[in-house]
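Data block for input.cif (mmCIF, C-alpha atoms):
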```
data_entry
loop_
_atom_site.group_PDB
_atom_site.id
_atom_site.type_symbol
_atom_site.label_atom_id
_atom_site.label_comp_id
_atom_site.auth_asym_id
_atom_site.auth_seq_id
_atom_site.Cartn_x
_atom_site.Cartn_y
_atom_site.Cartn_z
ATOM 1 C CA MET A 18 44.209 64.375 8.960
ATOM 2 C CA TYR A 19 41.366 63.641 11.383
ATOM 3 C CA VAL A 20 40.852 60.168 9.892
ATOM 4 C CA LEU A 21 44.517 59.336 10.413
ATOM 5 C CA GLU A 22 44.326 60.388 14.076
ATOM 6 C CA GLU A 23 41.196 58.310 14.551
ATOM 7 C CA LEU A 24 42.841 55.239 12.996
ATOM 8 C CA ALA A 25 45.917 55.712 15.189
ATOM 9 C CA GLY A 26 43.695 55.974 18.280
ATOM 10 C CA GLU A 27 41.774 52.832 17.330
ATOM 11 C CA PHE A 28 45.042 50.966 16.761
ATOM 12 C CA LEU A 29 46.447 52.145 20.088
ATOM 13 C CA LEU A 30 43.304 51.083 21.974
ATOM 14 C CA THR A 31 43.365 47.688 20.270
ATOM 15 C CA VAL A 32 47.025 47.137 21.169
ATOM 16 C CA VAL A 33 46.479 48.192 24.797
ATOM 17 C CA ALA A 34 43.404 45.960 25.104
ATOM 18 C CA CYS A 35 45.223 42.995 23.578
ATOM 19 C CA LEU A 36 48.181 43.467 25.908
ATOM 20 C CA ALA A 37 45.845 43.748 28.909
ATOM 21 C CA VAL A 38 44.060 40.519 27.978
ATOM 22 C CA ALA A 39 47.375 38.739 27.416
ATOM 23 C CA GLY A 40 48.688 40.044 30.744
ATOM 24 C CA LEU A 41 45.581 38.893 32.602
ATOM 25 C CA ALA A 42 45.790 35.464 30.977
ATOM 26 C CA LEU A 43 49.473 35.165 31.904
ATOM 27 C CA ALA A 44 48.759 36.272 35.485
ATOM 28 C CA PHE A 45 45.960 33.706 35.755
ATOM 29 C CA VAL A 46 48.161 30.879 34.438
ATOM 30 C CA ARG A 47 51.092 31.800 36.683
ATOM 31 C CA GLY A 48 48.810 32.259 39.670
ATOM 32 C CA SER A 49 47.055 28.950 39.164
ATOM 33 C CA GLU A 50 50.427 27.199 39.070
ATOM 34 C CA SER A 51 51.414 28.586 42.465
ATOM 35 C CA SER A 52 48.042 28.746 44.248
ATOM 36 C CA PRO A 53 44.876 27.688 42.426
ATOM 37 C CA LEU A 54 42.615 28.491 45.390
ATOM 38 C CA ILE A 55 43.764 32.106 45.700
ATOM 39 C CA THR A 56 43.676 32.585 41.923
ATOM 40 C CA GLY A 57 40.115 31.283 41.747
ATOM 41 C CA GLY A 58 39.076 33.431 44.686
ATOM 42 C CA VAL A 59 40.548 36.592 43.185
ATOM 43 C CA GLY A 60 39.022 35.779 39.785
ATOM 44 C CA GLY A 61 35.626 35.190 41.375
ATOM 45 C CA ALA A 62 35.832 38.396 43.386
ATOM 46 C CA LEU A 63 36.745 40.319 40.225
ATOM 47 C CA LEU A 64 33.751 38.850 38.385
ATOM 48 C CA VAL A 65 31.431 39.760 41.269
ATOM 49 C CA PHE A 66 32.844 43.313 41.332
ATOM 50 C CA LEU A 67 32.363 43.663 37.560
ATOM 51 C CA GLY A 68 28.834 42.301 37.863
ATOM 52 C CA TYR A 69 28.039 44.820 40.585
ATOM 53 C CA GLY A 70 29.460 47.586 38.399
ATOM 54 C CA GLY A 71 27.294 46.509 35.478
ATOM 55 C CA TRP A 72 24.243 46.408 37.685
ATOM 56 C CA GLU A 73 24.971 49.873 39.067
ATOM 57 C CA LEU A 74 25.612 51.252 35.585
ATOM 58 C CA LEU A 75 22.519 49.798 33.933
ATOM 59 C CA ARG A 76 19.877 49.967 36.668
ATOM 60 C CA PRO A 77 17.302 52.771 36.699
ATOM 61 C CA ALA A 78 18.447 55.963 38.366
ATOM 62 C CA ARG A 79 17.112 56.704 41.814
ATOM 63 C CA PRO A 80 17.231 59.892 43.791
ATOM 64 C CA GLY A 81 20.158 60.252 46.111
ATOM 65 C CA ARG A 82 23.876 60.073 45.829
ATOM 66 C CA ARG A 83 25.671 57.058 44.442
ATOM 67 C CA GLY A 84 28.340 55.685 46.750
ATOM 68 C CA ARG A 85 32.026 55.668 45.923
ATOM 69 C CA LEU A 86 32.186 51.895 45.611
ATOM 70 C CA ALA A 87 29.288 51.927 43.164
ATOM 71 C CA GLY A 88 30.980 54.626 41.082
ATOM 72 C CA VAL A 89 34.289 52.781 41.004
ATOM 73 C CA ALA A 90 32.559 49.505 40.134
ATOM 74 C CA ALA A 91 30.599 51.159 37.319
ATOM 75 C CA ALA A 92 33.745 52.802 35.933
ATOM 76 C CA THR A 93 35.634 49.502 36.142
ATOM 77 C CA PHE A 94 32.814 47.741 34.308
ATOM 78 C CA ALA A 95 32.808 50.414 31.590
ATOM 79 C CA VAL A 96 36.589 50.138 31.087
ATOM 80 C CA ALA A 97 36.400 46.332 31.051
ATOM 81 C CA ALA A 98 33.587 46.460 28.483
ATOM 82 C CA LEU A 99 35.663 48.821 26.331
ATOM 83 C CA PHE A 100 38.666 46.483 26.572
ATOM 84 C CA VAL A 101 36.519 43.486 25.639
ATOM 85 C CA ALA A 102 35.109 45.349 22.658
ATOM 86 C CA TYR A 103 38.571 46.252 21.394
ATOM 87 C CA ALA A 104 40.244 42.936 22.297
ATOM 88 C CA TRP A 105 37.525 40.738 20.769
ATOM 89 C CA PRO A 106 39.113 40.588 17.274
ATOM 90 C CA CYS A 107 42.610 40.294 18.797
ATOM 91 C CA THR A 108 44.556 37.311 17.483
ATOM 92 C CA CYS A 109 47.169 37.345 20.226
ATOM 93 C CA SER A 110 46.246 33.910 21.581
#
```

As structure tokens, what does this structure read like?
Amino acid sequence: MYVLEELAGEFLLTVVACLAVAGLALAFVRGSESSPLITGGVGGALLVFLGYGGWELLRPARPGRRGRLAGVAAATFAVAALFVAYAWPCTCS
């Protein structure tokens, strides 16, 4: 029974990740048709934000409290990494 639940969870995560990747690709194509400059700017800002989240997540811990932006960026990076891991074998393209 547990194996069946695990397989269903894996399938659900794969479907959600594939749909998210397809949605992002569609948004990028539609956005670049209407305004390539804004689409590139938003895409670049998203990559910088994800890079900051990865840096915050993987750097050595230091004493003190982590800021809210750093926490949100790290969580966003972790979710994006999970989506990439599950969407990698996706054949939805």

Would you mind listing what lies within 8 Å of Thr31 of chain A as a CSV table (one decimal) with C-alpha atoms, in the coordinates of the input, with all atoms listed in the file counted and same-chain residues fewer than 2 positions away left out?
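The new file around21.csv reads:
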```
chain,number,residue,atom,x,y,z
A,27,GLU,CA,41.8,52.8,17.3
A,28,PHE,CA,45.0,51.0,16.8
A,29,LEU,CA,46.4,52.1,20.1
A,33,VAL,CA,46.5,48.2,24.8
A,34,ALA,CA,43.4,46.0,25.1
A,35,CYS,CA,45.2,43.0,23.6
A,100,PHE,CA,38.7,46.5,26.6
A,103,TYR,CA,38.6,46.3,21.4
A,104,ALA,CA,40.2,42.9,22.3
A,107,CYS,CA,42.6,40.3,18.8
```

Give me, as CSV, the closest atom pair and its distance (Å, one decimal) for every residue of segment 51-72 of chain A within a cut-off of 10 Å of segment 84-87 of chain A, counting all atoms listed in the file, rows sorted by chain and rising number.
```
residue,atom,partner,partner_atom,distance
A:Phe66,CA,A:Ala87,CA,9.5
A:Tyr69,CA,A:Ala87,CA,7.7
A:Gly70,CA,A:Ala87,CA,6.4
A:Gly71,CA,A:Ala87,CA,9.6
A:Trp72,CA,A:Ala87,CA,9.3
```

Atom CA of Val20 of chain A to atom CA of Ala95 of chain A, straight-line distance in Å: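 Here the two named atoms are 25.1 Å from each other.
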
Residue with smallest distance to Phe45 of chain A - pool A:Gly88, A:Gly81, A:Pro106, A:Gly61, counting only C-alpha atoms: A:Gly61

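Straight-line separation from atom CA of Ala92 of chain A to atom CA of Val65 of chain A: 14.3 Å.
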
Point-to-point distance in Å for atom CA of Trp105 of chain A and atom CA of Gly26 of chain A: 16.6 Å

From A:Gly48, A:Gly58, A:Leu74, A:Ala102, residue lying nearest Val89 of chain A [only C-alpha atoms]: A:Leu74

Distance criterion (only C-alpha atoms): nearest to Leu99 of chain A out of A:Gly57, A:Glu50, A:Leu75, A:Leu30: A:Leu30

Rebuild all heavy atoms on segment 52-63 of chain A, as a PDB file, keeping the file's coordinate frame?
```
ATOM      1  N   SER A  52      49.122  28.920  43.281  1.00  0.00           N
ATOM      2  CA  SER A  52      48.042  28.746  44.248  1.00  0.00           C
ATOM      3  C   SER A  52      46.692  28.828  43.538  1.00  0.00           C
ATOM      4  O   SER A  52      46.154  29.923  43.349  1.00  0.00           O
ATOM      5  CB  SER A  52      48.125  29.819  45.338  1.00  0.00           C
ATOM      6  OG  SER A  52      47.043  29.670  46.225  1.00  0.00           O
ATOM      7  N   PRO A  53      46.150  27.673  43.152  1.00  0.00           N
ATOM      8  CA  PRO A  53      44.876  27.688  42.426  1.00  0.00           C
ATOM      9  C   PRO A  53      43.712  28.240  43.254  1.00  0.00           C
ATOM     10  O   PRO A  53      42.826  28.893  42.714  1.00  0.00           O
ATOM     11  CB  PRO A  53      44.622  26.233  42.070  1.00  0.00           C
ATOM     12  CG  PRO A  53      45.805  25.464  42.478  1.00  0.00           C
ATOM     13  CD  PRO A  53      46.688  26.352  43.293  1.00  0.00           C
ATOM     14  N   LEU A  54      43.715  28.030  44.549  1.00  0.00           N
ATOM     15  CA  LEU A  54      42.615  28.491  45.390  1.00  0.00           C
ATOM     16  C   LEU A  54      42.572  30.019  45.450  1.00  0.00           C
ATOM     17  O   LEU A  54      41.506  30.631  45.289  1.00  0.00           O
ATOM     18  CB  LEU A  54      42.742  27.908  46.800  1.00  0.00           C
ATOM     19  CG  LEU A  54      41.605  28.221  47.757  1.00  0.00           C
ATOM     20  CD1 LEU A  54      40.314  27.627  47.238  1.00  0.00           C
ATOM     21  CD2 LEU A  54      41.921  27.691  49.130  1.00  0.00           C
ATOM     22  N   ILE A  55      43.718  30.642  45.647  1.00  0.00           N
ATOM     23  CA  ILE A  55      43.764  32.106  45.700  1.00  0.00           C
ATOM     24  C   ILE A  55      43.439  32.702  44.331  1.00  0.00           C
ATOM     25  O   ILE A  55      42.711  33.687  44.226  1.00  0.00           O
ATOM     26  CB  ILE A  55      45.139  32.588  46.212  1.00  0.00           C
ATOM     27  CG1 ILE A  55      45.299  32.201  47.675  1.00  0.00           C
ATOM     28  CG2 ILE A  55      45.295  34.082  46.042  1.00  0.00           C
ATOM     29  CD1 ILE A  55      46.657  32.515  48.250  1.00  0.00           C
ATOM     30  N   THR A  56      43.955  32.087  43.269  1.00  0.00           N
ATOM     31  CA  THR A  56      43.676  32.585  41.923  1.00  0.00           C
ATOM     32  C   THR A  56      42.187  32.504  41.613  1.00  0.00           C
ATOM     33  O   THR A  56      41.608  33.447  41.071  1.00  0.00           O
ATOM     34  CB  THR A  56      44.472  31.780  40.885  1.00  0.00           C
ATOM     35  OG1 THR A  56      45.860  31.852  41.202  1.00  0.00           O
ATOM     36  CG2 THR A  56      44.254  32.320  39.492  1.00  0.00           C
ATOM     37  N   GLY A  57      41.559  31.416  41.960  1.00  0.00           N
ATOM     38  CA  GLY A  57      40.115  31.283  41.747  1.00  0.00           C
ATOM     39  C   GLY A  57      39.326  32.269  42.588  1.00  0.00           C
ATOM     40  O   GLY A  57      38.335  32.832  42.125  1.00  0.00           O
ATOM     41  N   GLY A  58      39.763  32.472  43.820  1.00  0.00           N
ATOM     42  CA  GLY A  58      39.076  33.431  44.686  1.00  0.00           C
ATOM     43  C   GLY A  58      39.171  34.856  44.170  1.00  0.00           C
ATOM     44  O   GLY A  58      38.188  35.602  44.154  1.00  0.00           O
ATOM     45  N   VAL A  59      40.364  35.247  43.730  1.00  0.00           N
ATOM     46  CA  VAL A  59      40.548  36.592  43.185  1.00  0.00           C
ATOM     47  C   VAL A  59      39.767  36.751  41.886  1.00  0.00           C
ATOM     48  O   VAL A  59      39.123  37.781  41.655  1.00  0.00           O
ATOM     49  CB  VAL A  59      42.051  36.899  42.981  1.00  0.00           C
ATOM     50  CG1 VAL A  59      42.257  38.160  42.176  1.00  0.00           C
ATOM     51  CG2 VAL A  59      42.739  37.013  44.322  1.00  0.00           C
ATOM     52  N   GLY A  60      39.796  35.726  41.033  1.00  0.00           N
ATOM     53  CA  GLY A  60      39.022  35.779  39.785  1.00  0.00           C
ATOM     54  C   GLY A  60      37.531  35.881  40.048  1.00  0.00           C
ATOM     55  O   GLY A  60      36.822  36.660  39.399  1.00  0.00           O
ATOM     56  N   GLY A  61      37.040  35.114  41.016  1.00  0.00           N
ATOM     57  CA  GLY A  61      35.626  35.190  41.375  1.00  0.00           C
ATOM     58  C   GLY A  61      35.242  36.536  41.952  1.00  0.00           C
ATOM     59  O   GLY A  61      34.193  37.093  41.632  1.00  0.00           O
ATOM     60  N   ALA A  62      36.103  37.076  42.806  1.00  0.00           N
ATOM     61  CA  ALA A  62      35.832  38.396  43.386  1.00  0.00           C
ATOM     62  C   ALA A  62      35.820  39.470  42.301  1.00  0.00           C
ATOM     63  O   ALA A  62      34.986  40.382  42.332  1.00  0.00           O
ATOM     64  CB  ALA A  62      36.876  38.729  44.446  1.00  0.00           C
ATOM     65  N   LEU A  63      36.719  39.364  41.322  1.00  0.00           N
ATOM     66  CA  LEU A  63      36.745  40.319  40.225  1.00  0.00           C
ATOM     67  C   LEU A  63      35.467  40.222  39.387  1.00  0.00           C
ATOM     68  O   LEU A  63      34.893  41.244  39.002  1.00  0.00           O
ATOM     69  CB  LEU A  63      37.972  40.086  39.346  1.00  0.00           C
ATOM     70  CG  LEU A  63      38.141  41.024  38.163  1.00  0.00           C
ATOM     71  CD1 LEU A  63      38.315  42.455  38.642  1.00  0.00           C
ATOM     72  CD2 LEU A  63      39.321  40.597  37.319  1.00  0.00           C
TER      73      LEU A  63
END
```
